[in-house]
Every structure is written in structure tokens, then in C-alpha cells.
Amino acid sequence: MARSGAPGRGFRFTRGAVRALLAAFFRDVESTGTEHVPDDRGAVIVSWHPNALVDPALILVTCPRPVFFGARHGLFRVPLLGALMRVMGTVPVYRAQDPTGMDTNTRRTANRSSLAGLAERVAAGDCATLFPEGESHDRPHPTELKSGAARLYYAARDSAGPRPVILPVGLHYERKRMFRSRALVWYHRPIEIPVELDRDLRPDASSSERERLARELTEVVDSVLQDVVHATEDWETHRILHRGRKILHFERAHREGKDPGEPRVAEQAVGFRRIRAAYYRRREENPAGVATLRRSVEAYDEDLRALGLEDQHLDRAPQGRTWGLVFWLLAQVVLVFLLFPPLLVVGYLVNGPPAVLVALLSRLGKRPKDVASLKILLGAVLFPAAWVVAAFLAARAHLSLHARYPALPDTPILAGLVLGLSAFLGGLVALRYARLARETWRALRVRLTRARRADTVRRLRRERARLYDAMLALARGAGSS
């Protein structure tokens with residue numbers, strides 16, 4: 001079918017730049033279910049909004065097709081970001097709670113125009129993304145949905161061509177505010193719209209009928225999103241269910257004599273989805289048994305956290321870079337400083353100040369959900385600026401040296417380029433060493449804890465086995481223990 005055209009160079013460049021920024025911030029970005037993105041019709045992509053600008057960025061770089069967005073109009077006033085959003089074809093959304101300088105009727109007219117622009121793209125076979133909550137947040141579940149996505153669907157459906165779909169997406173973050181954590185973008189099957197809602201509107205349909213249909217379809221979308229994002233009523237329940245997921249994963253691997261390794265984020269999400277479904281189903285059927293089991297998991301969780309251990313540490317200490325414990329940690333320092341002294345020194349000197357500045361400034365965000373976005377945006381500006389400044393100072397220093405010692409080659413530009421590149425590479429080396437040191441220190445700490453608290457570790461291993469059996473029994477409906 002005809003589409004609105006292949007994305008231009010600006011779109012491709014911006015997507016590439018966003019991909020690079022996400023690769024710098026996240027250790028790994030996984031995507032799954034991309035086969036559900038249709039290639040023969042338009043799609044209205046809907047997701048929850050827990051991580052500010054990071055959410056659309058992840059959909060942008062993982063969606064197998066070009067995707068357009070609706071975003072609150074205030075973002076278009078942010079320097080650089082606003083220009084990039086315009087290049088991406090993002091359309092402004094004028095929210096009632098934002099100061100717009102418009103009266104109500106003007107604001108509504110502007111929103112209808114934006115919606116019509118997105119609807120034309122969806123009708124032409126493109127993908128458009130909306131976050132129907134309207135704003136980002138820090139809750140473990142979607143907040144109240146606005147009807148914009150439903151109205152966009154009906155507006156696109158009114159046009160000629162194949163019927164578009166509503167495609168729900170789950171965004172899952174390992175630790176959403178932490179540098180070098182991991183993320184998953186999970187594309188689910190298109191929403192099955194009830195027959196009574198999945199119909200063409202008459203040209204003369206009243207506004208009240210259109211509003212009713214949009215409201216009822218929004219309720220359907222909300223129900224689906226609650227499931228695909230694995231919503232819980234509070235963060236404590238979310239954490240305890242994750243602990244249950246870990247119990248099942250690592251105890252099963254222990255009994256089967258397998259190395260559990262580090263589960264990918266997709267594996268964690270699948271495991272969490274299963275245990276969440278079982279938890280809420282059995283809580284309705286056997287609330288007393290579920291409450292008893294939950295208290296046991298909470299006690300086990302508190303013991304592990306008090307010791308600074310994870311479930312897998314009950315079986316063995318972390319392997320890898322821990323030979324000789326303290327000796328190996330010191331050996332790493334010596335090896336790194338012998339092999340990479342210039343790069344490492346330059347890396348720390350040039351990248352250290354902007355790293356500290358990014359950490360400090362990111363805390364100025366009004367809410368924790370803004371931290372990751374601020375870190376990415378600030379880092380995208382401050383680190384390259386630090387490399388440029390270092391290169392400039394190196395060139396100036398080389399000019400001064402050449403004036404004093406004419407025998408030196410007159411290559412200030414080369415000197416600047418070499419130092420700028422060394423600052424970039426040195427940052428990578430310093431980052432790698434920092435992670436190496438953290439892993440080694442964690443392994444050392446776990447080994448010392450296991451040695452000093454051997455009886456406690458054995459008790460927790462028995463408790464993990466008991467909880468594993470109890471969860472399986474409860475899932476089968478056999479009781480609470």
C-alpha cells in the first residue's frame with residue numbers, strides 16, 4: 001500500500017544519534033515481538049510512560065519501521081531537542097494542564113489539527129506512537145489514560161485503505177535511572193477490539209457517539225496496557241514478585257545442576273509476567289494462603305538484603321575476575337595502569353568533571369522519572385564539549401611549546417585531535433575498568449560474607465528451596481506451604 005514516503009536524511013540521522021546515546025547509557029537494549037509490527041497497514045502504537053524522554057527514544061530505535069510521535073508542546077521549546085523533534089515529524093500535543101497561552105477553544109483546535117496530521121500518516125500506512133497517560137510518572141502501573149489514542153485510531157480508520165491496528169508496547173527497565181543498566185521493548189500482538197467498538201462511524205455520527213466510542217475503546221486499551229507492562233498496585237508488591245521470580249529461576253537451576261547465568265531482561269520479563277499472573281489469580285482464590293506465602297518471601301528478601309546477597313550467591317560466590325581476591329584486584333590496577341596509563345589518565349582527567357557535573361545536575365529534576373533523560377541529554381552535551389575543550393587546550397599548548405622549541409613539529413591541529421581522541425578512548429577504558437573493579441569488589445564481598453555467615457547462608461538456601469516448593473504448590477492450588 002502507499003505510505004507517506006521513506007524517511008529523509010534528517011530522520012535517519014536523528015534516529016542514529018538517538019541510538020548512539022542509548023548505547024552509551026544502557027549496557028543492553030533488547031527488543032522482542034517486532035514481528036507483530038504490521039508491514040501492510042498503519043499502526044497506533046501505545047505504551048505507558050515511566051521514563052520521560054527515554055520511552056519514545058527506545059521505541060524509535062527498536063521499531064522495525066519509521067515511527068512518528070505526539071509530544072507535549074512545551075518540549076518543542078527545549079533547545080536542540082525541539083529542532084530534533086521537528087526533524088522527526090513529531091506533532092505537538094497541547095495538554096489542558098500546561099500553560100499554552102491559548103484559550104480552551106484554540107487549544108482544542110490545535111490538538112485536533114495535530115491528531116488529524118498523525119491520522120493521515122496512520123491511514124497512509126505509517127506508525128504513530130502516543131503515550132495515552134499524557135505525562136511520565138514513577139508509579140508501577142499506568143495512570144489514567146486519555147482518549148487521544150482511541151480518537152487517533154478512529155480518525156485513521158475513517159480514511160480509505162486497510163484498517164489500522166492498535167499495537168501495545170511494554171517498556172521494561174532493569175533500573176531505569178542507573179547508568180549502564182538494561183532495558184527491554186516488548187511489542188505485543190495488536191489489541192483485539194470488541195466488535196461493537198470496531199466499526200466505521202457514519203459521517204453524520206454525533207460528537208457524543210464518537211466520544212462514547214473513544215471512551216470505551218480507551219478502557220479496552222487500559223486493560224491491555226495493565227497486563228503488558230506487568231502492573232502492580234505498589235512498588236513493594238513489584239519487588240516481592242521479582243524476588244519470587246528469582247527464587248524460581250535460581251532454585252530450578254540449582255536443582256537441575258545448571259549454571260543460571262545472568263538472565264536477559266526478556267527472560268526476566270517473561271518470568272515476572274508468569275508469577276504476577278499466578279499471584280493475582282491465586283490471591284482471588286486463596287487470599288490467606290497467598291498472604292502467608294508473601295510474608296515468608298518478604299522475610300527471606302529482608303535477610304538477603306541485610307547480607308548484601310542475591311539468590312544465586314547462596315549456591316556459590318560470583319565467578320570470573322576474582323582470582324586471589326584482594327591480590328587480583330590490586331593486580332588489575334597494576335595491569336591497567338601499566339598497559340593504558342596515558343589513556344586512563346586522560347580519560348579520568350577529561351571525563352571526570354563532566355561525569356560529576358552530569359550526576360549533580362541530573363538530581364535537579366523535579367521527579368525521579370526525569371533522571372535518566374537528564375543524564376542522557378546532559379551527557380550528550382557535556383562529554384563532547386569536554387573533549388572539544390581538551391583538544392583546543394592541547395592545540396594551544398602545542399603552539400606555545402612550538403614557539404619555545406622550534407624544533408618541535410608545527411602540528412597543533414594534530415595535537416588537538418590526538419588528545420580529543422585520547423579523551424574519548426580514555427573514557428571508554430576508565431568506564432571498563434570501573435566496571436571491572438565493581439565486579440571484583442562485589443565478588444570479594446560476597447565471598448567474605450559467605451565465609452563469615454556460612455550457617456546463615458545454609459539456612460537461606462533451605463528457605464529458598466522451601467519457598468520454591470510452596471510457590472509451585474500454591475500455583476497448582478495445593479495450599480500455602
# chains A, B, ... in the order shown; residues from 1 in each chain; ligands from 1
>>> residues_around(residues="Cys63 (chain A)", least_positions_apart="6", cutoff="9 Å", atoms="only C-alpha atoms", output="PyMOL selection string")
chain A and resi 31+34+37+187
>>> residues_around(residues="region 455-458 of chain A", least_positions_apart="2", cutoff="12 Å", atoms="only C-alpha atoms", output="list in words")
Tyr300, Asp303, Leu304, Ala306, Leu307, Gly308, Leu309, Glu310, Asp311, Gln312, His313, Leu314, Asp315, Arg316, Ala317, Val446, Arg447, Leu448, Thr449, Arg450, Ala451, Arg452, Arg453, Leu460, Arg461, Arg462, Glu463, Arg464 and Ala465 of chain A
>>> write_last_selection(atoms="N, CA and C atoms", output="CSV table (one decimal), in the first residue's frame")
chain,number,residue,atom,x,y,z
A,300,TYR,N,12.4,-13.6,53.8
A,300,TYR,CA,13.6,-14.1,53.0
A,300,TYR,C,14.3,-13.0,52.3
A,303,ASP,N,16.3,-10.8,54.7
A,303,ASP,CA,17.6,-11.5,55.1
A,303,ASP,C,18.6,-11.3,54.1
A,304,LEU,N,18.2,-11.6,52.8
A,304,LEU,CA,19.2,-11.5,51.7
A,304,LEU,C,19.7,-10.0,51.6
A,306,ALA,N,19.9,-7.7,53.9
A,306,ALA,CA,20.7,-7.4,55.0
A,306,ALA,C,22.1,-7.9,54.9
A,307,LEU,N,22.3,-9.1,54.2
A,307,LEU,CA,23.6,-9.6,54.0
A,307,LEU,C,24.3,-9.1,52.7
A,308,GLY,N,23.5,-8.4,51.9
A,308,GLY,CA,24.1,-7.9,50.6
A,308,GLY,C,24.2,-9.0,49.6
A,309,LEU,N,23.4,-10.0,49.7
A,309,LEU,CA,23.5,-11.2,48.8
A,309,LEU,C,22.3,-11.2,47.8
A,310,GLU,N,22.4,-12.0,46.8
A,310,GLU,CA,21.3,-12.3,45.8
A,310,GLU,C,21.1,-13.8,45.9
A,311,ASP,N,20.0,-14.2,45.3
A,311,ASP,CA,19.7,-15.7,45.4
A,311,ASP,C,20.8,-16.6,44.8
A,312,GLN,N,21.4,-16.2,43.7
A,312,GLN,CA,22.4,-17.0,43.1
A,312,GLN,C,23.7,-17.1,44.0
A,313,HIS,N,23.9,-16.2,44.9
A,313,HIS,CA,25.1,-16.2,45.8
A,313,HIS,C,24.9,-17.3,46.9
A,314,LEU,N,23.7,-17.8,47.1
A,314,LEU,CA,23.6,-18.9,48.1
A,314,LEU,C,24.2,-20.2,47.6
A,315,ASP,N,24.4,-20.3,46.3
A,315,ASP,CA,24.9,-21.6,45.7
A,315,ASP,C,26.4,-21.4,45.6
A,316,ARG,N,26.9,-20.3,45.2
A,316,ARG,CA,28.3,-20.1,45.0
A,316,ARG,C,28.6,-18.6,44.9
A,317,ALA,N,29.8,-18.2,45.2
A,317,ALA,CA,30.2,-16.8,45.0
A,317,ALA,C,30.3,-16.5,43.5
A,446,VAL,N,31.0,-10.8,48.6
A,446,VAL,CA,30.1,-11.9,48.7
A,446,VAL,C,30.9,-13.1,49.2
A,447,ARG,N,32.1,-13.3,48.8
A,447,ARG,CA,32.9,-14.5,49.3
A,447,ARG,C,33.1,-14.3,50.8
A,448,LEU,N,33.5,-13.1,51.2
A,448,LEU,CA,33.7,-12.9,52.6
A,448,LEU,C,32.5,-13.1,53.5
A,449,THR,N,31.3,-12.6,52.9
A,449,THR,CA,30.0,-12.9,53.6
A,449,THR,C,29.7,-14.3,53.7
A,450,ARG,N,29.9,-15.1,52.6
A,450,ARG,CA,29.6,-16.5,52.7
A,450,ARG,C,30.5,-17.2,53.7
A,451,ALA,N,31.8,-16.8,53.8
A,451,ALA,CA,32.7,-17.4,54.7
A,451,ALA,C,32.3,-17.1,56.2
A,452,ARG,N,32.0,-15.8,56.4
A,452,ARG,CA,31.7,-15.4,57.8
A,452,ARG,C,30.3,-15.9,58.3
A,453,ARG,N,29.3,-16.0,57.3
A,453,ARG,CA,27.9,-16.3,57.7
A,453,ARG,C,27.5,-17.6,57.0
A,460,LEU,N,19.4,-20.0,54.6
A,460,LEU,CA,18.7,-19.3,53.5
A,460,LEU,C,18.5,-20.2,52.3
A,461,ARG,N,19.5,-21.1,52.0
A,461,ARG,CA,19.4,-22.0,50.9
A,461,ARG,C,18.2,-23.0,51.2
A,462,ARG,N,18.1,-23.4,52.4
A,462,ARG,CA,17.0,-24.3,52.7
A,462,ARG,C,15.6,-23.5,52.6
A,463,GLU,N,15.6,-22.3,53.0
A,463,GLU,CA,14.4,-21.5,52.9
A,463,GLU,C,14.0,-21.2,51.5
A,464,ARG,N,15.0,-21.0,50.6
A,464,ARG,CA,14.7,-20.8,49.2
A,464,ARG,C,14.1,-22.0,48.6
A,465,ALA,N,14.6,-23.2,49.0
A,465,ALA,CA,14.0,-24.5,48.5
A,465,ALA,C,12.6,-24.6,49.0
>>> select_by_dssp(residues="region 155-294 of chain A", states="strand (DSSP E)", output="PyMOL selection string")
chain A and resi 165-173+182-187
>>> closest_residue(among="A:Asp40, A:Asp55, A:Asp301, A:Asp158", to="Gly125 (chain A)", atoms="only C-alpha atoms")
A:Asp40
>>> closest_residue(among="A:Arg294, A:Val87, A:Val44, A:Thr143", to="Arg282 (chain A)", atoms="only C-alpha atoms")
A:Arg294
>>> select_by_dssp(residues="region 58-178 of chain A", states="helix (DSSP H, G or I)", output="mmCIF file with N, CA and C atoms, in the first residue's frame")
data_model
loop_
_atom_site.group_PDB
_atom_site.id
_atom_site.type_symbol
_atom_site.label_atom_id
_atom_site.label_comp_id
_atom_site.auth_asym_id
_atom_site.auth_seq_id
_atom_site.Cartn_x
_atom_site.Cartn_y
_atom_site.Cartn_z
ATOM 1 N N LEU A 58 13.416 4.695 23.001
ATOM 2 C CA LEU A 58 13.535 3.240 22.861
ATOM 3 C C LEU A 58 12.631 2.709 21.753
ATOM 4 N N ILE A 59 11.415 3.236 21.666
ATOM 5 C CA ILE A 59 10.520 2.795 20.592
ATOM 6 C C ILE A 59 11.070 3.236 19.238
ATOM 7 N N LEU A 60 11.614 4.442 19.183
ATOM 8 C CA LEU A 60 12.172 4.963 17.934
ATOM 9 C C LEU A 60 13.254 4.050 17.368
ATOM 10 N N VAL A 61 14.166 3.575 18.230
ATOM 11 C CA VAL A 61 15.325 2.826 17.714
ATOM 12 C C VAL A 61 15.052 1.341 17.563
ATOM 13 N N THR A 62 13.984 0.820 18.193
ATOM 14 C CA THR A 62 13.724 -0.615 18.098
ATOM 15 C C THR A 62 12.608 -0.972 17.129
ATOM 16 N N HIS A 73 3.614 20.091 23.785
ATOM 17 C CA HIS A 73 4.154 21.197 23.007
ATOM 18 C C HIS A 73 5.337 21.881 23.680
ATOM 19 N N GLY A 74 5.395 21.826 25.028
ATOM 20 C CA GLY A 74 6.478 22.502 25.737
ATOM 21 C C GLY A 74 7.854 21.973 25.383
ATOM 22 N N LEU A 75 7.929 20.693 24.986
ATOM 23 C CA LEU A 75 9.226 20.114 24.640
ATOM 24 C C LEU A 75 9.811 20.748 23.389
ATOM 25 N N PHE A 76 8.969 21.316 22.540
ATOM 26 C CA PHE A 76 9.476 21.920 21.307
ATOM 27 C C PHE A 76 10.265 23.205 21.594
ATOM 28 N N ARG A 77 10.132 23.734 22.804
ATOM 29 C CA ARG A 77 10.878 24.946 23.159
ATOM 30 C C ARG A 77 12.243 24.641 23.750
ATOM 31 N N LEU A 81 16.553 19.837 21.376
ATOM 32 C CA LEU A 81 15.529 18.799 21.400
ATOM 33 C C LEU A 81 14.358 19.174 20.511
ATOM 34 N N GLY A 82 13.914 20.432 20.591
ATOM 35 C CA GLY A 82 12.797 20.859 19.765
ATOM 36 C C GLY A 82 13.098 20.738 18.285
ATOM 37 N N ALA A 83 14.316 21.109 17.889
ATOM 38 C CA ALA A 83 14.698 21.004 16.476
ATOM 39 C C ALA A 83 14.708 19.554 16.019
ATOM 40 N N LEU A 84 15.246 18.678 16.866
ATOM 41 C CA LEU A 84 15.288 17.253 16.513
ATOM 42 C C LEU A 84 13.879 16.680 16.402
ATOM 43 N N MET A 85 12.983 17.097 17.272
ATOM 44 C CA MET A 85 11.609 16.597 17.225
ATOM 45 C C MET A 85 10.921 17.040 15.934
ATOM 46 N N ARG A 86 11.205 18.248 15.502
ATOM 47 C CA ARG A 86 10.614 18.706 14.245
ATOM 48 C C ARG A 86 11.150 17.906 13.070
ATOM 49 N N VAL A 87 12.452 17.613 13.094
ATOM 50 C CA VAL A 87 13.051 16.798 12.033
ATOM 51 C C VAL A 87 12.403 15.420 11.992
ATOM 52 N N THR A 104 -9.268 27.875 25.646
ATOM 53 C CA THR A 104 -9.664 26.466 25.540
ATOM 54 C C THR A 104 -10.006 26.064 24.113
ATOM 55 N N ASN A 105 -10.765 26.865 23.436
ATOM 56 C CA ASN A 105 -11.183 26.522 22.072
ATOM 57 C C ASN A 105 -9.988 26.472 21.119
ATOM 58 N N THR A 106 -9.072 27.440 21.258
ATOM 59 C CA THR A 106 -7.886 27.450 20.392
ATOM 60 C C THR A 106 -7.030 26.220 20.645
ATOM 61 N N ARG A 107 -6.880 25.869 21.934
ATOM 62 C CA ARG A 107 -6.082 24.686 22.272
ATOM 63 C C ARG A 107 -6.704 23.427 21.685
ATOM 64 N N ARG A 108 -7.999 23.292 21.797
ATOM 65 C CA ARG A 108 -8.674 22.111 21.265
ATOM 66 C C ARG A 108 -8.562 22.055 19.743
ATOM 67 N N THR A 109 -8.654 23.197 19.101
ATOM 68 C CA THR A 109 -8.493 23.230 17.640
ATOM 69 C C THR A 109 -7.095 22.798 17.238
ATOM 70 N N ALA A 110 -6.088 23.276 17.979
ATOM 71 C CA ALA A 110 -4.707 22.893 17.685
ATOM 72 C C ALA A 110 -4.506 21.391 17.886
ATOM 73 N N ASN A 111 -5.109 20.839 18.919
ATOM 74 C CA ASN A 111 -4.985 19.397 19.163
ATOM 75 C C ASN A 111 -5.656 18.599 18.053
ATOM 76 N N ARG A 112 -6.813 19.054 17.611
ATOM 77 C CA ARG A 112 -7.490 18.352 16.519
ATOM 78 C C ARG A 112 -6.644 18.376 15.253
ATOM 79 N N SER A 113 -5.953 19.476 15.027
ATOM 80 C CA SER A 113 -5.077 19.567 13.858
ATOM 81 C C SER A 113 -3.914 18.587 13.977
ATOM 82 N N SER A 114 -3.318 18.501 15.161
ATOM 83 C CA SER A 114 -2.219 17.557 15.378
ATOM 84 C C SER A 114 -2.695 16.123 15.195
ATOM 85 N N LEU A 115 -3.861 15.809 15.772
ATOM 86 C CA LEU A 115 -4.416 14.467 15.656
ATOM 87 C C LEU A 115 -4.696 14.127 14.196
ATOM 88 N N ALA A 116 -5.214 15.098 13.446
ATOM 89 C CA ALA A 116 -5.501 14.857 12.026
ATOM 90 C C ALA A 116 -4.225 14.574 11.250
ATOM 91 N N GLY A 117 -3.129 15.278 11.603
ATOM 92 C CA GLY A 117 -1.859 15.032 10.927
ATOM 93 C C GLY A 117 -1.335 13.627 11.184
ATOM 94 N N LEU A 118 -1.415 13.174 12.436
ATOM 95 C CA LEU A 118 -0.996 11.807 12.743
ATOM 96 C C LEU A 118 -1.922 10.789 12.083
ATOM 97 N N ALA A 119 -3.217 11.077 12.081
ATOM 98 C CA ALA A 119 -4.181 10.144 11.486
ATOM 99 C C ALA A 119 -3.914 9.957 10.002
ATOM 100 N N GLU A 120 -3.534 11.026 9.320
ATOM 101 C CA GLU A 120 -3.211 10.904 7.899
ATOM 102 C C GLU A 120 -2.040 9.962 7.680
ATOM 103 N N ARG A 121 -1.042 10.039 8.560
ATOM 104 C CA ARG A 121 0.116 9.152 8.428
ATOM 105 C C ARG A 121 -0.264 7.703 8.698
ATOM 106 N N VAL A 122 -1.082 7.491 9.737
ATOM 107 C CA VAL A 122 -1.508 6.114 10.032
ATOM 108 C C VAL A 122 -2.352 5.572 8.889
ATOM 109 N N ALA A 123 -3.252 6.386 8.371
ATOM 110 C CA ALA A 123 -4.097 5.957 7.255
ATOM 111 C C ALA A 123 -3.257 5.639 6.025
ATOM 112 N N GLY A 148 -6.863 10.129 23.546
ATOM 113 C CA GLY A 148 -6.223 10.521 22.291
ATOM 114 C C GLY A 148 -5.896 9.364 21.372
ATOM 115 N N ALA A 149 -5.394 8.251 21.922
ATOM 116 C CA ALA A 149 -5.036 7.100 21.082
ATOM 117 C C ALA A 149 -6.273 6.503 20.420
ATOM 118 N N ALA A 150 -7.374 6.413 21.167
ATOM 119 C CA ALA A 150 -8.609 5.880 20.591
ATOM 120 C C ALA A 150 -9.137 6.803 19.501
ATOM 121 N N ARG A 151 -9.103 8.107 19.752
ATOM 122 C CA ARG A 151 -9.580 9.045 18.739
ATOM 123 C C ARG A 151 -8.697 9.023 17.499
ATOM 124 N N LEU A 152 -7.389 8.833 17.715
ATOM 125 C CA LEU A 152 -6.470 8.710 16.574
ATOM 126 C C LEU A 152 -6.809 7.476 15.745
ATOM 127 N N TYR A 153 -7.116 6.378 16.413
ATOM 128 C CA TYR A 153 -7.473 5.144 15.701
ATOM 129 C C TYR A 153 -8.718 5.356 14.852
ATOM 130 N N TYR A 154 -9.757 5.954 15.441
ATOM 131 C CA TYR A 154 -10.991 6.152 14.686
ATOM 132 C C TYR A 154 -10.797 7.144 13.545
ATOM 133 N N ALA A 155 -9.976 8.170 13.763
ATOM 134 C CA ALA A 155 -9.729 9.139 12.701
ATOM 135 C C ALA A 155 -8.992 8.487 11.534
ATOM 136 N N ALA A 156 -8.037 7.613 11.831
ATOM 137 C CA ALA A 156 -7.304 6.918 10.769
ATOM 138 C C ALA A 156 -8.187 5.881 10.098
ATOM 139 N N ARG A 157 -9.064 5.278 10.864
ATOM 140 C CA ARG A 157 -9.933 4.241 10.310
ATOM 141 C C ARG A 157 -10.976 4.822 9.362
#
>>> atom_distance(atom1="CA of Glu439 (chain A)", atom2="CA of Arg180 (chain A)")
13.4 Å
>>> atom_distance(atom1="CA of Pro132 (chain A)", atom2="CA of Gly161 (chain A)")
24.8 Å
>>> closest_atom_pairs(of="region 86-193 of chain A", to="region 354-364 of chain A", cutoff="12 Å", atoms="only C-alpha atoms", output="CSV")
residue,atom,partner,partner_atom,distance
A:Arg177,CA,A:Ser362,CA,9.9
A:Met178,CA,A:Ala359,CA,10.6
A:Phe179,CA,A:Ala359,CA,10.1
>>> write_last_selection(atoms="C-alpha atoms", output="PDB file, in the first residue's frame")
ATOM      1  CA  ARG A 177      17.718   5.693  36.453  1.00  0.00           C
ATOM      2  CA  MET A 178      21.025   3.828  36.582  1.00  0.00           C
ATOM      3  CA  PHE A 179      23.817   4.286  34.054  1.00  0.00           C
TER       4      PHE A 179
END
>>> residues_around(residues="Ala266 (chain A)", least_positions_apart="4", cutoff="9 Å", atoms="only C-alpha atoms", output="PDB file with C-alpha atoms, in the first residue's frame")
ATOM      1  CA  GLU A  30      16.650  -5.755  23.963  1.00  0.00           C
ATOM      2  CA  SER A  31      13.549  -5.877  21.806  1.00  0.00           C
ATOM      3  CA  THR A  32      11.141  -8.714  21.252  1.00  0.00           C
ATOM      4  CA  HIS A 172      10.699  -2.687  31.000  1.00  0.00           C
ATOM      5  CA  ALA A 183      16.076  -2.252  29.078  1.00  0.00           C
ATOM      6  CA  LEU A 184      13.518  -4.251  27.098  1.00  0.00           C
ATOM      7  CA  VAL A 185      10.992  -3.095  24.486  1.00  0.00           C
ATOM      8  CA  TRP A 186       8.284  -5.755  24.115  1.00  0.00           C
ATOM      9  CA  VAL A 270       8.595 -13.424  30.933  1.00  0.00           C
ATOM     10  CA  GLY A 271       9.253 -14.885  34.390  1.00  0.00           C
TER      11      GLY A 271
END
>>> decode(residues="region 103-184 of chain A", atoms="C-alpha atoms", output="PDB file, in the first residue's frame")
ATOM      1  CA  ASP A 103      -7.821  29.774  25.249  1.00  0.00           C
ATOM      2  CA  THR A 104      -9.664  26.466  25.540  1.00  0.00           C
ATOM      3  CA  ASN A 105     -11.183  26.522  22.072  1.00  0.00           C
ATOM      4  CA  THR A 106      -7.886  27.450  20.392  1.00  0.00           C
ATOM      5  CA  ARG A 107      -6.082  24.686  22.272  1.00  0.00           C
ATOM      6  CA  ARG A 108      -8.674  22.111  21.265  1.00  0.00           C
ATOM      7  CA  THR A 109      -8.493  23.230  17.640  1.00  0.00           C
ATOM      8  CA  ALA A 110      -4.707  22.893  17.685  1.00  0.00           C
ATOM      9  CA  ASN A 111      -4.985  19.397  19.163  1.00  0.00           C
ATOM     10  CA  ARG A 112      -7.490  18.352  16.519  1.00  0.00           C
ATOM     11  CA  SER A 113      -5.077  19.567  13.858  1.00  0.00           C
ATOM     12  CA  SER A 114      -2.219  17.557  15.378  1.00  0.00           C
ATOM     13  CA  LEU A 115      -4.416  14.467  15.656  1.00  0.00           C
ATOM     14  CA  ALA A 116      -5.501  14.857  12.026  1.00  0.00           C
ATOM     15  CA  GLY A 117      -1.859  15.032  10.927  1.00  0.00           C
ATOM     16  CA  LEU A 118      -0.996  11.807  12.743  1.00  0.00           C
ATOM     17  CA  ALA A 119      -4.181  10.144  11.486  1.00  0.00           C
ATOM     18  CA  GLU A 120      -3.211  10.904   7.899  1.00  0.00           C
ATOM     19  CA  ARG A 121       0.116   9.152   8.428  1.00  0.00           C
ATOM     20  CA  VAL A 122      -1.508   6.114  10.032  1.00  0.00           C
ATOM     21  CA  ALA A 123      -4.097   5.957   7.255  1.00  0.00           C
ATOM     22  CA  ALA A 124      -1.226   6.082   4.737  1.00  0.00           C
ATOM     23  CA  GLY A 125       0.324   3.021   6.385  1.00  0.00           C
ATOM     24  CA  ASP A 126       2.769   4.589   8.853  1.00  0.00           C
ATOM     25  CA  CYS A 127       3.211   4.008  12.582  1.00  0.00           C
ATOM     26  CA  ALA A 128       2.374   6.699  15.121  1.00  0.00           C
ATOM     27  CA  THR A 129       3.075   6.478  18.844  1.00  0.00           C
ATOM     28  CA  LEU A 130       1.129   8.055  21.668  1.00  0.00           C
ATOM     29  CA  PHE A 131       1.580   7.712  25.416  1.00  0.00           C
ATOM     30  CA  PRO A 132      -2.081   7.908  26.440  1.00  0.00           C
ATOM     31  CA  GLU A 133      -1.333   8.666  30.090  1.00  0.00           C
ATOM     32  CA  GLY A 134      -0.371  12.140  28.915  1.00  0.00           C
ATOM     33  CA  GLU A 135       2.666  12.514  31.175  1.00  0.00           C
ATOM     34  CA  SER A 136       5.530  10.469  32.538  1.00  0.00           C
ATOM     35  CA  HIS A 137       5.433   9.161  36.122  1.00  0.00           C
ATOM     36  CA  ASP A 138       7.096   6.904  38.699  1.00  0.00           C
ATOM     37  CA  ARG A 139       4.247   4.541  39.515  1.00  0.00           C
ATOM     38  CA  PRO A 140       4.416   0.750  38.917  1.00  0.00           C
ATOM     39  CA  HIS A 141       1.241   0.870  36.820  1.00  0.00           C
ATOM     40  CA  PRO A 142      -0.282   3.022  34.079  1.00  0.00           C
ATOM     41  CA  THR A 143      -2.131   6.077  35.334  1.00  0.00           C
ATOM     42  CA  GLU A 144      -5.472   7.277  33.979  1.00  0.00           C
ATOM     43  CA  LEU A 145      -5.470   7.145  30.182  1.00  0.00           C
ATOM     44  CA  LYS A 146      -6.581   9.981  27.952  1.00  0.00           C
ATOM     45  CA  SER A 147      -8.687   9.158  24.879  1.00  0.00           C
ATOM     46  CA  GLY A 148      -6.223  10.521  22.291  1.00  0.00           C
ATOM     47  CA  ALA A 149      -5.036   7.100  21.082  1.00  0.00           C
ATOM     48  CA  ALA A 150      -8.609   5.880  20.591  1.00  0.00           C
ATOM     49  CA  ARG A 151      -9.580   9.045  18.739  1.00  0.00           C
ATOM     50  CA  LEU A 152      -6.470   8.710  16.574  1.00  0.00           C
ATOM     51  CA  TYR A 153      -7.473   5.144  15.701  1.00  0.00           C
ATOM     52  CA  TYR A 154     -10.991   6.152  14.686  1.00  0.00           C
ATOM     53  CA  ALA A 155      -9.729   9.139  12.701  1.00  0.00           C
ATOM     54  CA  ALA A 156      -7.304   6.918  10.769  1.00  0.00           C
ATOM     55  CA  ARG A 157      -9.933   4.241  10.310  1.00  0.00           C
ATOM     56  CA  ASP A 158     -12.339   6.718   8.732  1.00  0.00           C
ATOM     57  CA  SER A 159      -9.962   7.022   5.771  1.00  0.00           C
ATOM     58  CA  ALA A 160      -9.815   4.630   2.842  1.00  0.00           C
ATOM     59  CA  GLY A 161      -7.318   1.768   2.972  1.00  0.00           C
ATOM     60  CA  PRO A 162      -6.604  -1.225   5.216  1.00  0.00           C
ATOM     61  CA  ARG A 163      -7.881  -0.993   8.757  1.00  0.00           C
ATOM     62  CA  PRO A 164      -5.088   0.152  11.136  1.00  0.00           C
ATOM     63  CA  VAL A 165      -4.232  -1.672  14.342  1.00  0.00           C
ATOM     64  CA  ILE A 166      -3.579  -0.598  17.913  1.00  0.00           C
ATOM     65  CA  LEU A 167      -0.252  -2.091  18.972  1.00  0.00           C
ATOM     66  CA  PRO A 168       0.551  -2.217  22.715  1.00  0.00           C
ATOM     67  CA  VAL A 169       4.184  -1.993  23.795  1.00  0.00           C
ATOM     68  CA  GLY A 170       5.658  -2.884  27.170  1.00  0.00           C
ATOM     69  CA  LEU A 171       8.716  -0.903  28.290  1.00  0.00           C
ATOM     70  CA  HIS A 172      10.699  -2.687  31.000  1.00  0.00           C
ATOM     71  CA  TYR A 173      13.705  -1.239  32.801  1.00  0.00           C
ATOM     72  CA  GLU A 174      16.129  -3.155  34.968  1.00  0.00           C
ATOM     73  CA  ARG A 175      16.998   0.027  36.906  1.00  0.00           C
ATOM     74  CA  LYS A 176      15.653   2.903  34.897  1.00  0.00           C
ATOM     75  CA  ARG A 177      17.718   5.693  36.453  1.00  0.00           C
ATOM     76  CA  MET A 178      21.025   3.828  36.582  1.00  0.00           C
ATOM     77  CA  PHE A 179      23.817   4.286  34.054  1.00  0.00           C
ATOM     78  CA  ARG A 180      24.753   1.054  32.190  1.00  0.00           C
ATOM     79  CA  SER A 181      21.632  -0.842  33.212  1.00  0.00           C
ATOM     80  CA  ARG A 182      19.445  -2.762  30.734  1.00  0.00           C
ATOM     81  CA  ALA A 183      16.076  -2.252  29.078  1.00  0.00           C
ATOM     82  CA  LEU A 184      13.518  -4.251  27.098  1.00  0.00           C
TER      83      LEU A 184
END
